[in-house]
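Reviewing the structure listed below.
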Amino acid sequence: VMGGNVPRGAGLSSSAAVELATQRAFATVSGLPWQPATMALLGQRVENQWMGLNTGIMDQMIVAGGREGHALLIDCRDLSLQPVPLPTGAVVVVLDTGTRRGLVDSAYNERRSQCEAAARFFGVKALRDVDAETFSKREQELDPLVRRRARHVITENDRTVRAAEAMRAGDLIQLGRLMDASHDSLRDDFEVTNEALNTIVLLARAEPGCFGARMTGAGFGGCAVALVAPGQAEAFVQSVHAKYTQATGNTPQCYVCQAAEGTSVV
């Protein structure tokens, strides 16, 4: 029997949770060592080859290798993991918009091909090999749509590394600003948000105690996440719930979360 409390279809990695929990169960009864990167790749293979979904590795990696009280900085090229301690002065509030993803597979493949086109233009294997200075020198030579997609990826890679630095320094103000900038880039350059996500993010940012907010998951519906001072989390949830319902007619679900262990034996 399998039970779970991760909302399905909300962009919160419910499929990866099922894959890795199943793998952990079979590995445990078979006496196999738990190797997060190896197990994550097997989970991705299920999605890619059996389900036919061109997913990346991020969801499986955090489920396989998550650590209590930490975020995980993942290098998707060599699959190395760096646990980064989350500052104690904030909790993560997951904001489920009540809308579900649409057109994600076709949009994902489209974004991927656009990013690959930009990488070919710069003569690199992937856009992670292009720094901001190189991009700014030649961005006007790119097709405007490809330029926006590439700008998001290049700036988002930089924001991710800086977010890890902010966490290590306990700088919640900087971390919140990076989350805000990330959402704005996902909205304007990568164009994977929707009206519900944009609305709930703006409402969250306006609340006392909110350091920053952004969409999470594949986009086009699903969830946002906000970084909130623990003492104001309850009032934050009540206010955002009421204002979002009034603004959209959708009923959100709000979850105050702490970073927990990844797949583990209970």
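Note on naming: chains are A, B, ... as they come in the structure tokens, residues start from 1 per chain, ligands start from 1 in the order shown.
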Close residues, stretch 123-140 of chain A itself excluded, 8 Å, only C-alpha atoms, min 5 positions apart in chain, as an mmCIF file with C-alpha atoms, in the first residue's frame:
```
data_model
loop_
_atom_site.group_PDB
_atom_site.id
_atom_site.type_symbol
_atom_site.label_atom_id
_atom_site.label_comp_id
_atom_site.auth_asym_id
_atom_site.auth_seq_id
_atom_site.Cartn_x
_atom_site.Cartn_y
_atom_site.Cartn_z
ATOM 1 C CA CYS A 115 18.015 27.047 -25.863
ATOM 2 C CA GLU A 116 19.884 24.515 -27.991
ATOM 3 C CA ALA A 118 21.305 29.657 -28.705
ATOM 4 C CA ARG A 147 17.564 35.835 -27.064
ATOM 5 C CA ALA A 150 18.885 32.307 -23.496
ATOM 6 C CA ARG A 151 18.907 35.366 -21.244
ATOM 7 C CA VAL A 153 18.828 30.475 -18.600
ATOM 8 C CA ILE A 154 22.117 32.364 -18.308
ATOM 9 C CA THR A 155 20.854 34.767 -15.642
ATOM 10 C CA ASN A 157 22.194 29.910 -13.521
#
```
Report task. Write out as a list in words which residues come within 12 Å of A:Met51 when counting only C-alpha atoms, dropping same-chain ones fewer than 5 positions away. Result ->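 Everything that qualifies: Ser15, Glu19, Gly43, Gln44, Arg45, Val46 and Asp105 of chain A.
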Report task. Have a look at A:Val161, A:Ala117, A:Leu86, A:Val94 and name the one nearest to A:Ile74; count only C-alpha atoms. Result ->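 Of A:Val161, A:Ala117, A:Leu86, A:Val94, the one nearest A:Ile74 is A:Val161, counting only C-alpha atoms.
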Query - Residue set, stretch 186-218 of chain A restricted to alpha helix (DSSP H), as a PyMOL selection string - result: chain A and resi 186-188+195-205
Report task. Compare A:Thr88, A:Gln232, A:Gln114, A:Ser13 by their minimum atom-to-atom distance to A:Ala169, counting only C-alpha atoms, and give me the closest one. Result ->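 The answer is A:Thr88, which sits nearest to A:Ala169.
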